[in-house]
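To start, the structure itself, in structure tokens.
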Amino acid sequence: MKISDQHADFFERVYEIVRLIPKGRVTNYGSIAIALGTPKSSRMVGWAMNAAHGKHDVPAHRVVNRNGMLTGKMHFATPTKMQELLEAEGIIIVDDQIQHFSSHFWDVTENLLNDLS
DNA sequence: AGCTTGACTTTGA
DNA sequence: GTCAAAGCCAAGC
């Protein structure tokens, strides 16, 4: 399914993007929201992640808030699961904060341009 | 139909 | 730089 498919459910479009995040990289809710064409619904992206449980192919742990903080860690199976997954991908986390966040950041819209071409 | 709730972001002080 | 307040909008009740 194409991300540009406006007929798809909101959640499905979110999942589609999250699945594109490369291993070892992270992005924030706002970028995903922008990619969806609804920049103001960044909170909804988080809501979608809530429903992403059970979607084993949706790496929700690679989505953090704009400060690189693991705000959603408490919604995982265990509060430490998110950090463990990220660290397993080579990302360093201290006090729920991703270190060198800007260098790990993956711009969604950048990849979308590629995808839509 | 209306009201509440957020895994957020932006803005203004 | 920090902090509080407001805006956002889909889902659930």
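Residue numbering restarts at 1 for every chain of the structure tokens, chains are lettered A, B, ... in their displayed order, and ligands are numbered from 1 as they appear.
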
Close residues, DT10 (chain B) itself excluded, 12 Å, only C-alpha atoms (C1' of nucleotides), min 5 positions apart in chain, as a list of chain:residue names: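 So the residues in contact are A:Gly30, A:Pro39, A:Lys40, A:Ser42, A:Arg66, C:DA5, C:DA6, C:DG7, C:DC8.
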
Spatial neighbours of Phe105 (chain A), max dist 7 Å, only C-alpha atoms (C1' of nucleotides), sep filter under 5 positions, as a PyMOL selection string: chain A and resi 25-27

Let me see the file: selected residues, N, CA and C atoms, as a PDB file, in the first residue's frame.
ATOM      1  N   ARG A  25      17.786   3.639  13.353  1.00  0.00           N
ATOM      2  CA  ARG A  25      17.417   5.043  13.178  1.00  0.00           C
ATOM      3  C   ARG A  25      16.107   5.291  13.908  1.00  0.00           C
ATOM      4  N   VAL A  26      15.840   6.556  14.188  1.00  0.00           N
ATOM      5  CA  VAL A  26      14.600   6.913  14.881  1.00  0.00           C
ATOM      6  C   VAL A  26      13.985   8.157  14.235  1.00  0.00           C
ATOM      7  N   THR A  27      12.741   8.372  14.515  1.00  0.00           N
ATOM      8  CA  THR A  27      12.095   9.582  14.023  1.00  0.00           C
ATOM      9  C   THR A  27      11.116  10.061  15.080  1.00  0.00           C
TER      10      THR A  27
END

In chain A, DSSP helix (DSSP H, G or I) residues written as number ranges by chain: A: 10-18, 29-36, 42-51, 60-62, 73-75, 81-88, 101-104, 108-116

So that each row is one residue of chain A with an atom at most 10 Å from chain C, can you give its shortest atom pair and the distance in Å to one decimal, using only C-alpha atoms (C1' of nucleotides), rows by chain and rising number, as CSV?
residue,atom,partner,partner_atom,distance
A:Phe10,CA,C:DA10,C1',8.5
A:Phe11,CA,C:DA10,C1',9.7
A:Thr38,CA,C:DC9,C1',9.5
A:Pro39,CA,C:DC8,C1',9.0
A:Lys40,CA,C:DC8,C1',5.3
A:Ser41,CA,C:DC8,C1',5.8
A:Ser42,CA,C:DC8,C1',7.9
A:Arg43,CA,C:DC8,C1',7.6
A:Met44,CA,C:DA10,C1',6.5
A:Val45,CA,C:DA10,C1',9.7
A:Trp47,CA,C:DA10,C1',8.3
A:Ala48,CA,C:DA10,C1',9.2

Restrict the selected residues to N, CA, C and O atoms and save them as a CSV table (one decimal), in the first residue's frame.
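In the end it all went to out23.csv:
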chain,number,residue,atom,x,y,z
A,10,PHE,N,-6.2,5.8,8.9
A,10,PHE,CA,-5.2,6.6,9.5
A,10,PHE,C,-4.1,5.7,10.1
A,10,PHE,O,-2.9,5.9,9.8
A,11,PHE,N,-4.5,4.8,10.9
A,11,PHE,CA,-3.6,3.9,11.5
A,11,PHE,C,-2.7,3.2,10.5
A,11,PHE,O,-1.5,3.1,10.7
A,38,THR,N,-1.1,15.6,7.6
A,38,THR,CA,-1.8,16.2,8.7
A,38,THR,C,-0.8,16.6,9.8
A,38,THR,O,-0.7,15.9,10.8
A,39,PRO,N,0.0,17.6,9.6
A,39,PRO,CA,1.0,18.0,10.5
A,39,PRO,C,0.5,18.3,11.9
A,39,PRO,O,1.3,18.1,12.9
A,40,LYS,N,-0.7,18.6,12.1
A,40,LYS,CA,-1.2,18.9,13.4
A,40,LYS,C,-1.7,17.7,14.2
A,40,LYS,O,-2.0,17.8,15.4
A,41,SER,N,-1.6,16.6,13.6
A,41,SER,CA,-2.1,15.4,14.3
A,41,SER,C,-1.0,14.5,14.8
A,41,SER,O,-1.1,13.3,14.7
A,42,SER,N,0.0,15.1,15.3
A,42,SER,CA,1.2,14.3,15.8
A,42,SER,C,0.7,13.5,17.0
A,42,SER,O,1.2,12.4,17.1
A,43,ARG,N,-0.2,14.0,17.7
A,43,ARG,CA,-0.7,13.2,18.9
A,43,ARG,C,-1.4,11.9,18.4
A,43,ARG,O,-1.4,10.9,19.1
A,44,MET,N,-2.0,12.0,17.2
A,44,MET,CA,-2.7,10.8,16.7
A,44,MET,C,-1.7,9.7,16.3
A,44,MET,O,-2.1,8.6,16.3
A,45,VAL,N,-0.5,10.2,15.9
A,45,VAL,CA,0.5,9.2,15.6
A,45,VAL,C,0.8,8.3,16.8
A,45,VAL,O,0.9,7.1,16.8
A,47,TRP,N,-1.3,7.9,19.2
A,47,TRP,CA,-2.5,7.1,19.4
A,47,TRP,C,-2.4,5.8,18.6
A,47,TRP,O,-2.8,4.7,19.0
A,48,ALA,N,-2.0,6.0,17.4
A,48,ALA,CA,-1.9,4.9,16.4
A,48,ALA,C,-0.9,3.8,16.9
A,48,ALA,O,-1.1,2.6,16.8

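Computed from the coordinates, the C1' of DA7 (chain B) to CA of Met49 (chain A) distance equals 6.5 Å.
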
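You will find CA of Ala35 (chain A) at 28.7 Å from CA of Val94 (chain A).
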
Distance in Å - C1' of DT5 (chain B) versus CA of His56 (chain A): 25.8 Å

Compile a residue-level contact table for chain B against chain A at a cut-off of 8 Å, reporting for every qualifying residue the shortest atom pair and its distance in Å to one decimal, with only C-alpha atoms (C1' of nucleotides) counted, rows ordered by chain and ascending number, as CSV.
residue,atom,partner,partner_atom,distance
B:DG6,C1',A:Arg43,CA,7.0
B:DA7,C1',A:Gly72,CA,3.9
B:DC8,C1',A:Arg43,CA,4.6
B:DT9,C1',A:Gly30,CA,7.3

Could you write out the selected residues, including all heavy atoms, as an mmCIF file, in the first residue's frame?
data_model
loop_
_atom_site.group_PDB
_atom_site.id
_atom_site.type_symbol
_atom_site.label_atom_id
_atom_site.label_comp_id
_atom_site.auth_asym_id
_atom_site.auth_seq_id
_atom_site.Cartn_x
_atom_site.Cartn_y
_atom_site.Cartn_z
ATOM 1 P P DG B 6 -5.497 9.837 29.272
ATOM 2 O OP1 DG B 6 -4.845 8.604 28.737
ATOM 3 O OP2 DG B 6 -5.706 9.964 30.708
ATOM 4 O "O5'" DG B 6 -4.694 11.128 28.811
ATOM 5 C "C5'" DG B 6 -3.374 11.098 28.322
ATOM 6 C "C4'" DG B 6 -3.274 10.502 26.931
ATOM 7 O "O4'" DG B 6 -4.340 11.014 26.110
ATOM 8 C "C3'" DG B 6 -1.975 10.845 26.239
ATOM 9 O "O3'" DG B 6 -1.452 9.691 25.574
ATOM 10 C "C2'" DG B 6 -2.321 11.952 25.266
ATOM 11 C "C1'" DG B 6 -3.804 11.676 24.978
ATOM 12 N N9 DG B 6 -4.519 12.939 24.807
ATOM 13 C C8 DG B 6 -4.739 13.893 25.772
ATOM 14 N N7 DG B 6 -5.429 14.911 25.336
ATOM 15 C C5 DG B 6 -5.672 14.614 24.012
ATOM 16 C C6 DG B 6 -6.365 15.346 23.018
ATOM 17 O O6 DG B 6 -6.928 16.435 23.135
ATOM 18 N N1 DG B 6 -6.371 14.682 21.791
ATOM 19 C C2 DG B 6 -5.781 13.467 21.561
ATOM 20 N N2 DG B 6 -5.881 12.999 20.336
ATOM 21 N N3 DG B 6 -5.138 12.780 22.472
ATOM 22 C C4 DG B 6 -5.125 13.405 23.668
ATOM 23 P P DA B 7 -0.434 8.922 26.690
ATOM 24 O OP1 DA B 7 -0.699 7.510 26.449
ATOM 25 O OP2 DA B 7 -0.564 9.481 28.021
ATOM 26 O "O5'" DA B 7 1.041 9.197 26.225
ATOM 27 C "C5'" DA B 7 1.641 8.129 25.568
ATOM 28 C "C4'" DA B 7 2.738 8.628 24.708
ATOM 29 O "O4'" DA B 7 3.419 7.476 24.238
ATOM 30 C "C3'" DA B 7 2.294 9.420 23.484
ATOM 31 O "O3'" DA B 7 3.311 10.337 23.140
ATOM 32 C "C2'" DA B 7 2.117 8.363 22.447
ATOM 33 C "C1'" DA B 7 3.281 7.419 22.810
ATOM 34 N N9 DA B 7 3.025 6.024 22.448
ATOM 35 C C8 DA B 7 1.824 5.402 22.332
ATOM 36 N N7 DA B 7 1.911 4.147 21.985
ATOM 37 C C5 DA B 7 3.277 3.927 21.871
ATOM 38 C C6 DA B 7 4.025 2.801 21.531
ATOM 39 N N6 DA B 7 3.507 1.629 21.254
ATOM 40 N N1 DA B 7 5.349 2.933 21.508
ATOM 41 C C2 DA B 7 5.896 4.109 21.796
ATOM 42 N N3 DA B 7 5.284 5.250 22.142
ATOM 43 C C4 DA B 7 3.961 5.075 22.154
ATOM 44 P P DC B 8 3.316 11.826 23.752
ATOM 45 O OP1 DC B 8 4.672 12.174 24.105
ATOM 46 O OP2 DC B 8 2.233 12.044 24.712
ATOM 47 O "O5'" DC B 8 2.960 12.613 22.420
ATOM 48 C "C5'" DC B 8 3.455 12.224 21.160
ATOM 49 C "C4'" DC B 8 3.436 13.419 20.223
ATOM 50 O "O4'" DC B 8 2.302 14.238 20.538
ATOM 51 C "C3'" DC B 8 4.676 14.320 20.345
ATOM 52 O "O3'" DC B 8 5.112 14.681 19.045
ATOM 53 C "C2'" DC B 8 4.179 15.519 21.110
ATOM 54 C "C1'" DC B 8 2.726 15.589 20.689
ATOM 55 N N1 DC B 8 1.891 16.257 21.702
ATOM 56 C C2 DC B 8 1.156 17.374 21.332
ATOM 57 O O2 DC B 8 1.195 17.763 20.168
ATOM 58 N N3 DC B 8 0.432 18.015 22.269
ATOM 59 C C4 DC B 8 0.406 17.568 23.511
ATOM 60 N N4 DC B 8 -0.322 18.237 24.385
ATOM 61 C C5 DC B 8 1.140 16.423 23.903
ATOM 62 C C6 DC B 8 1.864 15.809 22.983
ATOM 63 P P DT B 9 6.430 15.579 18.909
ATOM 64 O OP1 DT B 9 7.113 15.157 17.685
ATOM 65 O OP2 DT B 9 7.143 15.599 20.206
ATOM 66 O "O5'" DT B 9 5.806 17.030 18.653
ATOM 67 C "C5'" DT B 9 4.783 17.163 17.682
ATOM 68 C "C4'" DT B 9 4.500 18.637 17.411
ATOM 69 O "O4'" DT B 9 3.598 19.140 18.422
ATOM 70 C "C3'" DT B 9 5.733 19.547 17.418
ATOM 71 O "O3'" DT B 9 5.652 20.401 16.299
ATOM 72 C "C2'" DT B 9 5.635 20.291 18.716
ATOM 73 C "C1'" DT B 9 4.150 20.307 19.011
ATOM 74 N N1 DT B 9 3.798 20.291 20.451
ATOM 75 C C2 DT B 9 2.807 21.132 20.904
ATOM 76 O O2 DT B 9 2.216 21.904 20.171
ATOM 77 N N3 DT B 9 2.530 21.054 22.228
ATOM 78 C C4 DT B 9 3.126 20.222 23.155
ATOM 79 O O4 DT B 9 2.791 20.233 24.327
ATOM 80 C C5 DT B 9 4.159 19.358 22.622
ATOM 81 C C7 DT B 9 4.880 18.429 23.528
ATOM 82 C C6 DT B 9 4.435 19.425 21.305
#

Within 12 Å of Gly90 (chain A) using only C-alpha atoms (C1' of nucleotides), minus same-chain residues under 4 positions, as JSON, numbers by chain: {"A": [23, 24, 25, 26, 62, 83, 84, 85, 86, 98, 99, 100, 104]}

Picked from region 7-67 of chain A by DSSP as strand (DSSP E or B), as a PyMOL selection string: chain A and resi 26-28+63-64

Arg13 (chain A) environment, 8 Å, only C-alpha atoms (C1' of nucleotides), sequence neighbours closer than 6 positions dropped, as a PyMOL selection string: chain A and resi 3+5+36
